Each structure stands twice: as C-alpha cells, then as structure tokens.
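S.K.: Supplied in structure tokens, the structure appears directly below.
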Amino acid sequence: MRRRLASSVASYHESQQKLKTTTSAAAALSTSSASAASAAHARAVSAQSGRSLQQKFYENRILDRYTAQEPKKVTLRQLVLFGRQLTEDKLVASANYVRSELPVRLAHRISDFQFLPYIAGTNPHLKMVYDLYWRAFDEFRKFAPVKTLDDNRRFCDNVKKNLLEHSQVIPQLGMGVAECADLVAPDEIDRFMNQMLISRISRRTLAEQHIRLSEQYDDDLRAHLGLTATEGYAQMASAPRGFATQRIGIVRADCSVAQIVNECAMHAAGLYEDAHHLPPGTAPQVIVEGHTDATFMCIPAHFSYIVHELLKNAMSHVMQRYAARLESDAAALATAAGGGAAAFGGEPLFPPIRVTVCSSHSDIVVRVSDQGGGINPDVLPYIWSFTHPLKAKRLHNFHAVQRMEARMGEADAVPPLVSLGFGLPMSNVYAKYWGGSVNVHSLPGYGVDAYVQLPRLGNVVENISARRPQMAAGA
C-alpha cells in the first residue's frame with residue numbers, strides 16, 4: 001500500500017514536470033506548423049493571383065447584398081414556442097429561415113476579414129477560416145428553397161457537413177490571432193475575436209436547433225407511421241394531415257442549475273485526478289448551496305461550458321496551492337484510494353469549492369468560490385484578452401488541437417495541464433450571447449470569486465451585431 005501511495009505522490013510531481021515539457025513541445029510544434037502553413041499559404045496566394053479583377057468585383061457585389069441586411073434575431077423562448085406544435089409546414093419554414101439567415105450572418109464576418117490590416121489578413125490560419133466562411137456562404141445562398149421533408153433532409157445533411165468542417169475554426173482563429181498579437185492593436189483584435197466567436201455561436205445555435213427539431217420530428221413521424229428504424233424515408237415523404245409533434249430541440253425550458261453544476265464538477269474532478277495520477281476522491285470537493293432547486297431556460301451545452309471552465313480554473317489553482325499536502329500525508333491518499341474522502345490532519349486534503357446559486361424572477365446568478373490564492377496581479381487585467389503577450393503564448397498550444405466546438409466533453413481531448421488561454425474569454429462570450437455576463441473578483445492571498453449571471457426566462461434576444469469592428473495596425 002505504501003509503495004502505491006508513494007507512486008501516486010511521485011506521479012503527481014511527474015505530471016507537474018510534464019506540463020513544462022508539453023508546453024515546450026507545443027511551442028516547437030508551433031514553429032514547425034507555422035512554417036508549413038506559411039509555405040502552403042504562399043502557394044495559395046500564387047494560385048489565386050490569376051483571378052480577374054472582374055471576378056473579385058463580382059464576389060464583393062454579391063457579399064454587399066447580404067451585408068446590407070440585418071440578422072433576424074431570436075430569443076430562447078421563441079425557439080421553444082416554435083417547436084411545441086411542430087408541423088411539416090413549420091419545419092419547412094424553419095429550414096428556410098436558417099437557409100436565408102446563415103449567409104447573412106456569414107457575410108458580415110467575411111466582411112470583417114476583408115477589413116483586417118493587410119499583414120493580419122495574409123496570415124495562413126486566418127485565411128483558412130476566411131475560405132471556410134466564403135465556401136459556406138456560397139453554398140447556403142445557392143441552396144434551393146426547401147419545400148418538402150425530403151428537401152429538408154438534404155438541407156440538414158448540408159448543414160451537418162458544414163458544422164463538421166467548421167469545427168476547426170476555433171483552433172485556426174486561436175493560432176492566427178496568436179501570430180498577429182504583435183502586429184495588430186490588442187484591443188482591436190480582441191474585438192474582432194469576440195465578434196467572430198459570438199457570431200459563430202449564433203450560427204451554430206440556429207443550425208443545431210433546426211437539425212435537432214428535424215431529427216425529433218422524423219423520429220416521431222416514423223413512430224406514428226409504425227415504421228422501423230431500419231426503414232428508409234420513402235414512406236416519409238410527407239406527413240399525414242394534422243400530424244404534429246411537441247419538441248423544443250436543443251433548448252431546455254427547465255434546466256436544473258444544481259444538476260449541471262454537479263455534472264461539471266464530477267467531470268472536472270476526473271480530469272485532474274487522471275492528469276495527476278491521483279485516486280478518485282482526491283480533487284477538491286464541490287459544494288452546491290443556495291437556491292439548489294432553481295431552474296431556468298437555457299441551452300445546456302452553453303451553460304455547461306461556462307460552469308465547467310470556472311470549476312476547472314478553481315480546481316487547478318486549489319490543487320497547485322495545496323500540492324505539498326500530497327507529500328506530507330500519505331494516509332490521506334490511502335483513504336481516498338479506499339473510496340473515502342482524502343483528508344489532511346482530520347480535514348479535507350483540499351479546501352472545498354463552494355458554488356452558490358441565486359435565483360430571482362428574471363435572473364440566475366452562480367458564484368464559484370475557491371481558496372486557490374487568487375490571481376496573479378500581473379495577469380488579472382488581461383484575463384479576458386485573447387492577444388495580450390501573456391495569453392498569446394498559450395494560444396500557440398492550439399497547434400496540438402485539430403478540432404474544437406467549445407463544449408464540456410471536449411476537455412478530454414486537451415490535457416488539463418496544458419492551458420490554451422481560451423476558456424475564460426470564451427465563457428464570457430457564451431454568457432454575453434444570451435445577455436448575461438461572467439465576472440471575476442480576485443482576493444489576493446486567499447482565492448477567487450467568479451460570478452455568472454444569465455437571464456432566467458429566455459426572453460432576451462441574441463446579442464449579436466452586424467457592425468464591423470474597425471481595426472488598426474499595432475505599433
């Protein structure tokens with residue numbers, strides 16, 4: 001038993017050393033990948049230089065027609081009410097709304113790329129995102145109006161294909177802005193990045209909502225017609241007269257805050273225990289208090305990402321601050337290995353993380369409080385930035401990430417000991433999209449209180465803007 005405990009302690013310190021090694025390797029990979037990407041970009045520029053001025057003028061004339069339109073914004077409540085009496089006609093109308101709305105939202109972001117300073121616009125990673133957006137814009141604007149269920153299924157297949165292709169957008173944006181950090185004013189490129197990400201969330205929300213409604217409608221129609229799961233769509237070309245279903249897609253009208261927090265806590269604890277080779281039950285305990293029966297209307301995947309990132313940050317700092325306890329009390333690990341709670345001198349091995357839930361008529365507020373020692377004062381002013389030198393170095397770690405959709409489950413693919421400098425700013429983007437916010441208060445020498453505020457009733461319209469953020473070259 002003592003040998004196994006000693007091995008756990010040794011593994012913990014070995015994992016700390018691996019963090020430095022992994023970061024160095026990521027930096028080396030960054031240099032190699034950047035060189036290859038630059039060469040590929042040079043070939044692409046050479047190939048495109050032959051395009052006629054008339055062709056470029058024609059493309060921008062097309063784009064201008066869409067950038068002249070404002071996005072048609074929605075609320076969560078509208079999404080829920082739309083699906084509660086879902087008929088074939090309403091599903092077709094939903095498809096045509098998404099079909100006409102996606103190119104408008106893409107066009108505004110494509111325009112943002114065209115107004116980047118030249119040195120940033122030629123970055124190979126940003127150019128790759130631009131090309132992805134332009135291809136998707138061209139496909140959606142040319143897609144024929146949806147008139148039947150079969151048309152809708154083909155449209156959903158096209159949307160799914162684009163969602164998969166665009167899962168590489170976040171890593172490419174991360175690497176692109178990291179390489180442009182010294183070339184463009186930080187405030188300007190942060191605004192650009194926030195616009196890109198919040199618009200991306202809005203497009204994926206519309207796309208994923210329609211896909212889920214379509215899948216749920218087909219499942220209910222198949223059951224209504226008595227068809228098996230293996231039978232094709234030949235007998236489902238249209239729905240019987242009067243057929244309707246009750247579905248709300250990816251939205252939850254009564255999402256339990258405490259349930260989401262507990263699920264995120266279990267997942268985050270498992271990540272850090274695995275990364276440090278520690279027994280289950282060793283990670284800091286998460287205590288949920290306050291209005292633990294509170295519910296609200298949300299998209300669970302969005303809320304889970306925010307809570308998970310805050311709990312990951314809290315656990316990381318607490319475990320680092322109290323790491324010495326792992327050396328001095330092997331009995332604590334023995335208790336944890338046996339299925340009990342790890343303890344230090346009769347107390348928990350790590351101080352708990354407290355999550356307080358407050359529910360009012362219009363808002364949900366969640367506070368995550370830890371005793372991890374607070375945030376370094378040199379870092380605190382830049383925690384929301386993507387491009388400050390302290391953060392840009394971490395964004396280079398995206399070279400080791402092929403795809404990312406900013407969902408809680410993806411944390412398994414990125415070692416928690418490798419920081420991307422992305423989680424906290426992205427959490428704030430998610431909250432802002434639905435009219436909320438994330439705020440952090442550091443108590444030097446003690447810990448951090450992080451606050452998430454979100455509208456409770458789902459009646460706040462999407463916080464997206466068609467306005468182009470003006471960018472200026474940095475010194």
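Letters A, B, ... go to the chains of the structure tokens in the order shown; residues in each chain start at 1; ligands are counted from 1 in the same order.
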List the neighbours of region 107-115 of chain A out to 7 Å using only C-alpha atoms; skip same-chain residues closer than 4 positions along the sequence, and give me the result as a PyMOL selection string.

M.R.: chain A and resi 63+66-67+103+121+130+133-134+137+196+466+468

S.K.: Please produce an output containing all heavy atoms for each residue in the selection, written as a short mmCIF file (atom, residue, chain, number, x, y, z; two decimals), in the first residue's frame.

M.R.:
data_model
loop_
_atom_site.label_atom_id
_atom_site.label_comp_id
_atom_site.auth_asym_id
_atom_site.auth_seq_id
_atom_site.Cartn_x
_atom_site.Cartn_y
_atom_site.Cartn_z
N LEU A 63 -21.51 39.86 -51.93
CA LEU A 63 -21.38 39.98 -50.48
C LEU A 63 -22.10 41.22 -49.97
O LEU A 63 -22.77 41.18 -48.93
CB LEU A 63 -19.90 40.03 -50.09
CG LEU A 63 -19.57 39.82 -48.62
CD1 LEU A 63 -19.83 38.38 -48.22
CD2 LEU A 63 -18.10 40.18 -48.35
N TYR A 66 -25.73 41.00 -49.04
CA TYR A 66 -26.05 40.32 -47.78
C TYR A 66 -25.63 41.14 -46.57
O TYR A 66 -26.29 41.12 -45.54
CB TYR A 66 -25.39 38.93 -47.76
CG TYR A 66 -26.08 37.93 -48.64
CD1 TYR A 66 -25.75 37.84 -50.00
CD2 TYR A 66 -27.07 37.11 -48.14
CE1 TYR A 66 -26.40 36.93 -50.83
CE2 TYR A 66 -27.72 36.19 -48.96
CZ TYR A 66 -27.38 36.11 -50.31
OH TYR A 66 -28.03 35.22 -51.12
N THR A 67 -24.51 41.85 -46.67
CA THR A 67 -24.09 42.68 -45.54
C THR A 67 -25.03 43.88 -45.35
O THR A 67 -25.04 44.50 -44.28
CB THR A 67 -22.66 43.19 -45.72
OG1 THR A 67 -22.54 43.88 -46.97
CG2 THR A 67 -21.67 42.05 -45.68
N PRO A 103 -26.35 32.75 -44.50
CA PRO A 103 -25.49 33.57 -45.37
C PRO A 103 -25.40 35.02 -44.94
O PRO A 103 -24.37 35.66 -45.14
CB PRO A 103 -26.13 33.42 -46.76
CG PRO A 103 -27.43 32.79 -46.57
CD PRO A 103 -27.42 32.09 -45.26
N GLY A 121 -4.49 39.91 -42.48
CA GLY A 121 -5.32 39.23 -43.46
C GLY A 121 -4.59 38.17 -44.25
O GLY A 121 -5.20 37.26 -44.80
N TYR A 130 -11.29 32.31 -43.35
CA TYR A 130 -11.96 33.12 -44.37
C TYR A 130 -12.47 32.23 -45.51
O TYR A 130 -13.62 32.38 -45.96
CB TYR A 130 -11.00 34.17 -44.90
CG TYR A 130 -11.55 35.01 -46.03
CD1 TYR A 130 -12.31 36.14 -45.77
CD2 TYR A 130 -11.32 34.66 -47.36
CE1 TYR A 130 -12.82 36.92 -46.80
CE2 TYR A 130 -11.83 35.42 -48.40
CZ TYR A 130 -12.57 36.55 -48.12
OH TYR A 130 -13.08 37.30 -49.15
N TYR A 133 -15.47 30.18 -44.44
CA TYR A 133 -16.67 31.01 -44.35
C TYR A 133 -17.21 31.34 -45.74
O TYR A 133 -18.43 31.34 -45.96
CB TYR A 133 -16.37 32.30 -43.58
CG TYR A 133 -16.34 32.14 -42.08
CD1 TYR A 133 -16.37 30.89 -41.49
CD2 TYR A 133 -16.27 33.25 -41.24
CE1 TYR A 133 -16.34 30.74 -40.11
CE2 TYR A 133 -16.26 33.12 -39.86
CZ TYR A 133 -16.28 31.86 -39.30
OH TYR A 133 -16.27 31.72 -37.94
N TRP A 134 -16.30 31.65 -46.67
CA TRP A 134 -16.77 32.01 -48.01
C TRP A 134 -17.44 30.82 -48.69
O TRP A 134 -18.50 30.96 -49.33
CB TRP A 134 -15.62 32.53 -48.87
CG TRP A 134 -16.14 33.00 -50.20
CD1 TRP A 134 -16.30 32.25 -51.33
CD2 TRP A 134 -16.65 34.29 -50.50
NE1 TRP A 134 -16.86 33.01 -52.33
CE2 TRP A 134 -17.08 34.27 -51.85
CE3 TRP A 134 -16.76 35.48 -49.78
CZ2 TRP A 134 -17.64 35.37 -52.48
CZ3 TRP A 134 -17.31 36.58 -50.41
CH2 TRP A 134 -17.74 36.53 -51.75
N PHE A 137 -20.84 30.35 -47.12
CA PHE A 137 -21.71 31.44 -47.58
C PHE A 137 -22.23 31.15 -48.99
O PHE A 137 -23.43 31.29 -49.28
CB PHE A 137 -20.93 32.76 -47.55
CG PHE A 137 -21.56 33.87 -48.33
CD1 PHE A 137 -22.67 34.55 -47.84
CD2 PHE A 137 -21.02 34.26 -49.55
CE1 PHE A 137 -23.25 35.58 -48.57
CE2 PHE A 137 -21.59 35.29 -50.29
CZ PHE A 137 -22.72 35.95 -49.79
N MET A 196 -16.21 37.40 -33.93
CA MET A 196 -16.15 36.13 -34.65
C MET A 196 -16.80 35.01 -33.83
O MET A 196 -17.58 34.20 -34.35
CB MET A 196 -14.69 35.76 -34.96
CG MET A 196 -14.07 36.55 -36.07
SD MET A 196 -14.80 36.09 -37.66
CE MET A 196 -14.58 37.63 -38.55
N ALA A 466 -24.22 43.34 -36.36
CA ALA A 466 -23.74 43.34 -37.74
C ALA A 466 -22.66 44.39 -37.95
O ALA A 466 -22.03 44.43 -39.01
CB ALA A 466 -24.90 43.60 -38.71
N ARG A 468 -19.27 46.23 -38.09
CA ARG A 468 -17.90 45.76 -38.29
C ARG A 468 -16.98 46.47 -37.31
O ARG A 468 -16.92 47.69 -37.28
CB ARG A 468 -17.45 46.04 -39.72
CG ARG A 468 -16.02 45.59 -39.99
CD ARG A 468 -15.69 45.64 -41.47
NE ARG A 468 -15.94 46.96 -42.05
CZ ARG A 468 -16.87 47.21 -42.95
NH1 ARG A 468 -17.68 46.26 -43.36
NH2 ARG A 468 -17.03 48.43 -43.44
#

S.K.: Running DSSP on the backbone, which parts of region 394-444 of chain A land in strand (DSSP E), as a PyMOL selection string?

M.R.: chain A and resi 437-443

S.K.: By how many Å are CA of Arg367 (chain A) and CA of Arg407 (chain A) apart?

M.R.: 20.5 Å
